[in-house]
Amino acid sequence: MRGDIETSGGPALIAGSYSGYSLHSEGPEKGINLILSQPGISSSRVTRLSPTVVWALPEPGAELPPRDRTLQLLLDDNGRTIGPLRGELFWSDPRRYDAPIGIQLVGVTQEQGRQILSLLDAAAREGRALPAVSPQPIEEAFVEPERIRSILKSVCVMKHEGLLRQLGRTLRVSLEYFDVASSQLHWRLEEPDANWGTAPYDIEVVGHNTAYRLRVPALETRGGRMVTPLPRRLWKVRHRSHRRVPAPAGMTAHFHHPLWGELGMLEREVVDLSFTGLCLRGTPEDLMFPGLLLQPIEVRGTDGESILLRGEVRYVGGKPQEGQQVFGLQVVPRTPVDEARWVQLVSQALCPSTRGAEQVLEPLWELLVDSGYFNLAGKTTEHFEELRTSFLETGRHAARLPRLFCQTVWPSERGLEATLSSVKPYRDSWLVHQLAKRPGKPAVDVPPGQILRDVHVRTLEHAQSDPHFRWLIAYTESTVPLMERVHHAYAREHEASGEALVMPVRLMHVSCDEPSGLPDNGFELGPARPEEKTQLAEEIARTRPACYVDALDLTRERMDLRHTMETWHEAGLERERQVLVARRDGVAVAAIILELGQPGTNLFRLLDTARLFPLALEGPDAYVALLDAAREWYARRGRSAFVFLREDEDDSYTAAARLHDEPGAKPCLWVLSARMLPDFLEYVSEATVGRLTSTTPTT
């Protein structure tokens with residue numbers, strides 16, 4: 001958002017910097033002109049217009065209007081005039097003959113605003129006007145047959161509807177049957193009494209959060225169904241990063257128009273929503289236009305609870321000539337309390353089969369027991385009992401701290417079926433962790449894969465709601481089929497771009513009461529000095545991928561983890577990072593990075609971790625001493641153990657340092673860019689759908 005709305009501050013605070021519509025015309029007879037009464041200026045072509053601002057290109061050699069007094073102006077659209085209007089010049093460049101001028105309109109009446117918006121609506125319908133901020137859709141062509149098959153299989157199994165688009169008409173269709181053997185698609189018309197018409201045409205179907213478009217060059221029908229071959233090319237089209245879904249029934253938005261308060265309190269139906277947006281159903285009499293800032297917007301549900309938002313109108317559409325209009329807004333919550341409520345509301349709308357875990361923490365613990373989660377890495381339930389109290393306490397914090405935590409559960413009649421959580425341990429990164437699923441099937445009929453898909457969607461979309469989100473990270477296990485088939489396979493496809501990483505790492509348990517008992521070999525151990533942190537950052541940047549460095553806050557500027565520590569401490573939670581070095585003759589030869597997190601956040605202590613880095617050839621000789629120093633550091637902070645994240649292949653020091661891990665385990669550090677998340681969610685949807693039906697379609 002670009003500032004709060006204060007009506008006393010004038011139009012500059014009522015509309016955003018990109019207010020209104022950009023105007024395009026092939027000739028002056030089709031354009032809108034600005035007419036000023038100042039000598040030397042007769043007419044200027046308008047390039048952007050709203051009820052708050054007008055931009056225009058003066059005629060060559062025209063005299064610029066003065067800045068020190070209010071201007072009188074008219075708008076002319078092929079003989080239809082609006083005005084007189086008043087305005088103040090706020091932008092001009094006398095050094096350029098072709099520079100535009102910007103005029104802030106002042107004191108526009110409600111009737112003048114209606115006339116301007118009516119003019120712009122007509123221009124938009126004629127293709128002469130577009131919203132000043134009109135993001136281009138993301139488009140990509142798939143040509144790999146297996147990926148095309150995977151996408152269309154998902155569409156078929158999930159029963160997503162589509163649209164058949166042909167010049168002059170649009171029909172609803174569905175992919176009823178995918179004949180795998182012949183690679184043929186069987187489509188059904190969902191419109192009563194409609195016919196297929198004449199090919200060619202396009203069909204657009206919807207996946208999880210993306211539209212896919214395929215070309216149908218010829219028509220073949222069987223028993224009322226259209227049959228098409230598997231397309232050679234499938235276009236992916238995504239208009240938004242955040243998925244939108246229908247709003248809960250009965251939800252309304254209440255606000256005042258910031259320009260014309262005489263319209264009174266407006267109450268409008270919420271049509272759909274996302275973490276960052278709303279679509280409202282209104283009328284042309286609401287006088288909405290792109291760039292208009294609304295604050296506050298009070299969103300009310302049927303439960304009576306209200307949430308206050310700030311909003312900026314980004315889109316206006318519908319059929320004004322029929323008295324119908326919708327307008328889309330970009331929104332942000334006003335306060336942390338509003339944010340927590342908003343994230344909870346949108347999460348529930350996006351994935352209604354899931355819940356937040358804050359009300360079911362005891363059953364969540366039982367799910368972890370029953371699922372066998374505590375038996376991973378050779379552990380037992382008893383091993384985790386000391387963390388039970390802190391786990392439950394941290395879970396209670398999660399609901400009020402949506403910018404730090406997400407705990408997702410999938411409930412059914414027999415209890416909780418599955419869970420997945422995320423936490424934000426670094427400035428721009430979310431750690432996905434603690435995936436568990438109850439054995440067997442719930443009493444209700446649930447399609448295969450839906451439970452795991454749903455907990456992934458809710459948890460990952462929660463991270464996506466964070467405006468500072470840049471990376472997803474996880475410590476995954478290669479021997480788990482789901483991890484290898486979905487997470488690792490997808491990340492490996494994108495490693496070359498720098499947007500993803502799958503890096504082997506050993507998660508080694510270190511007990512604080514089990515020191516090596518060996519001498520320190522003459523090394524001096526202590527906190528890193530500033531120049532040693534710089535040396536360490538340079539070594540990490542040289543030996544690790546850029547996404548690793550950025551995601552884990554291991555740049556020199558973020559080495560101290562100061563921003564994250566402050567955020568956690570303000571919430572009353574523990575978070576700390578310390579760098580210790582080993583020196584010989586005053587020269588640093590190795591460093592260990594120690595991190596501490598709130599107890600119970602991760603039951604395998606993935607926020608209480610240590611990493612070793614050599615700073616000289618003899619660096620590994622100091623590893624045992626540094627790990628003993630780490631034991632003392634964690635013990636002073638009340639920890640009985642921590643996790644050493646071993647990223648090398650050197651086994652020479654593991655026995656001496658008394659490190660333990662699970663034989664046969666093959667963990668990895670998994671990193672994925674936020675830019676890839678919408679596509680990854682689509683990939684998860686494809687990879688977790690059930691099987692295609694083997695029966696043929698009915699006629």
# chains A, B, ... in the order shown; residues from 1 in each chain; ligands from 1

call {"tool": "residues_around", "arguments": {"residues": "range 407-419 of chain A", "least_positions_apart": "4", "cutoff": "9 Å", "atoms": "only C-alpha atoms", "output": "ChimeraX atom specification"}}
result
/A:353-358,360,363-364,366-368,371,395,398-399,423,434-439,441-444,451-452,454-456,458-459

call {"tool": "write_last_selection", "arguments": {"atoms": "N, CA and C atoms", "output": "compact mmCIF listing (two decimals), in the first residue's frame"}}
result
# COMPACT_ATOMS: atom_id res chain seq x y z
N SER A 353 -10.77 -28.11 4.50
CA SER A 353 -10.69 -29.41 5.17
C SER A 353 -9.65 -29.43 6.29
N THR A 354 -8.82 -28.40 6.38
CA THR A 354 -7.77 -28.34 7.39
C THR A 354 -8.15 -27.35 8.49
N ARG A 355 -7.35 -27.36 9.56
CA ARG A 355 -7.53 -26.43 10.67
C ARG A 355 -6.17 -26.00 11.20
N GLY A 356 -6.16 -24.87 11.90
CA GLY A 356 -4.99 -24.54 12.70
C GLY A 356 -4.97 -25.42 13.93
N ALA A 357 -3.79 -25.67 14.48
CA ALA A 357 -3.67 -26.67 15.55
C ALA A 357 -3.82 -26.09 16.95
N GLU A 358 -4.03 -24.77 17.08
CA GLU A 358 -3.96 -24.16 18.41
C GLU A 358 -5.02 -24.70 19.38
N VAL A 360 -6.16 -27.88 19.29
CA VAL A 360 -6.08 -29.36 19.38
C VAL A 360 -4.64 -29.79 19.64
N PRO A 363 -4.38 -33.45 21.19
CA PRO A 363 -4.56 -34.45 20.13
C PRO A 363 -3.43 -34.44 19.11
N LEU A 364 -2.83 -33.27 18.87
CA LEU A 364 -1.70 -33.22 17.94
C LEU A 364 -0.53 -34.03 18.47
N GLU A 366 -0.74 -36.58 20.42
CA GLU A 366 -1.12 -37.98 20.28
C GLU A 366 -0.97 -38.45 18.83
N LEU A 367 -1.26 -37.57 17.87
CA LEU A 367 -1.06 -37.93 16.47
C LEU A 367 0.41 -38.22 16.20
N LEU A 368 1.31 -37.40 16.74
CA LEU A 368 2.74 -37.63 16.55
C LEU A 368 3.15 -38.98 17.13
N SER A 371 1.42 -41.84 14.82
CA SER A 371 1.92 -41.91 13.45
C SER A 371 3.30 -42.54 13.34
N GLY A 395 2.96 -24.06 20.82
CA GLY A 395 1.78 -24.17 19.97
C GLY A 395 0.72 -23.14 20.30
N ALA A 398 1.41 -19.94 18.53
CA ALA A 398 1.36 -19.94 17.07
C ALA A 398 0.17 -19.16 16.52
N ALA A 399 -1.00 -19.27 17.15
CA ALA A 399 -2.21 -18.63 16.61
C ALA A 399 -2.09 -17.12 16.58
N VAL A 423 7.80 -22.71 10.42
CA VAL A 423 8.28 -21.69 11.36
C VAL A 423 9.25 -20.81 10.59
N GLN A 434 7.96 -31.28 10.64
CA GLN A 434 7.02 -32.07 11.44
C GLN A 434 5.81 -32.53 10.65
N LEU A 435 6.09 -33.25 9.56
CA LEU A 435 5.05 -33.90 8.78
C LEU A 435 4.76 -35.27 9.38
N ALA A 436 3.50 -35.53 9.68
CA ALA A 436 3.11 -36.83 10.23
C ALA A 436 1.72 -37.17 9.74
N LYS A 437 1.47 -38.46 9.52
CA LYS A 437 0.15 -38.93 9.05
C LYS A 437 -0.22 -40.20 9.81
N ARG A 438 -1.46 -40.24 10.26
CA ARG A 438 -1.96 -41.40 10.98
C ARG A 438 -2.09 -42.59 10.03
N PRO A 439 -1.69 -43.79 10.45
CA PRO A 439 -1.85 -44.97 9.59
C PRO A 439 -3.32 -45.28 9.34
N LYS A 441 -7.03 -45.49 7.08
CA LYS A 441 -7.89 -44.55 6.37
C LYS A 441 -8.93 -43.98 7.33
N PRO A 442 -9.30 -42.72 7.13
CA PRO A 442 -10.37 -42.15 7.96
C PRO A 442 -11.71 -42.79 7.64
N ALA A 443 -12.68 -42.56 8.52
CA ALA A 443 -14.00 -43.15 8.31
C ALA A 443 -14.68 -42.56 7.08
N VAL A 444 -14.46 -41.29 6.83
CA VAL A 444 -15.06 -40.68 5.64
C VAL A 444 -14.26 -41.09 4.41
N ILE A 451 -5.24 -35.84 1.73
CA ILE A 451 -4.85 -35.38 3.06
C ILE A 451 -3.46 -34.75 3.02
N LEU A 452 -2.50 -35.45 2.41
CA LEU A 452 -1.15 -34.89 2.33
C LEU A 452 -1.13 -33.64 1.47
N ASP A 454 -3.58 -31.47 1.10
CA ASP A 454 -4.21 -30.36 1.82
C ASP A 454 -3.30 -29.76 2.89
N VAL A 455 -2.61 -30.60 3.64
CA VAL A 455 -1.75 -30.03 4.70
C VAL A 455 -0.56 -29.30 4.08
N HIS A 456 -0.08 -29.79 2.94
CA HIS A 456 0.99 -29.06 2.24
C HIS A 456 0.49 -27.71 1.75
N ARG A 458 -2.05 -25.78 2.72
CA ARG A 458 -2.30 -24.76 3.76
C ARG A 458 -0.99 -24.24 4.35
N THR A 459 -0.06 -25.13 4.63
CA THR A 459 1.18 -24.72 5.27
C THR A 459 2.04 -23.87 4.34

call {"tool": "closest_atom_pairs", "arguments": {"of": "range 303-413 of chain A", "to": "range 581-602 of chain A", "cutoff": "10 Å", "atoms": "only C-alpha atoms", "output": "CSV"}}
result
residue,atom,partner,partner_atom,distance
A:Phe384,CA,A:Gly600,CA,9.4
A:Glu386,CA,A:Gly600,CA,9.2
A:Leu387,CA,A:Gly600,CA,5.5
A:Arg388,CA,A:Gly600,CA,7.1
A:Thr389,CA,A:Gly600,CA,7.7
A:Ser390,CA,A:Gly600,CA,4.8
A:Phe391,CA,A:Gly600,CA,3.9
A:Leu392,CA,A:Gly600,CA,7.6
A:Glu393,CA,A:Gly600,CA,8.0
A:Thr394,CA,A:Thr601,CA,6.3
A:Gly395,CA,A:Thr601,CA,7.9
A:Ala398,CA,A:Thr601,CA,9.8
A:Phe405,CA,A:Thr601,CA,9.1

call {"tool": "closest_residue", "arguments": {"among": "A:Ala124, A:Ala181, A:Ala249, A:Ala141", "to": "Val237 in chain A", "atoms": "only C-alpha atoms"}}
result
A:Ala141

call {"tool": "select_by_dssp", "arguments": {"residues": "range 423-648 of chain A", "states": "strand (DSSP E)", "output": "number ranges by chain"}}
result
A: 423, 429-437, 471-477, 500-504, 506-511, 524-527, 575-584, 587-597, 609-614, 641-646

call {"tool": "closest_residue", "arguments": {"among": "A:Leu167, A:Leu73, A:Ala537, A:Ala247", "to": "Arg300 in chain A", "atoms": "only C-alpha atoms"}}
result
A:Ala247

call {"tool": "atom_distance", "arguments": {"atom1": "CA of Glu618 in chain A", "atom2": "CA of Asn521 in chain A"}}
result
11.7 Å
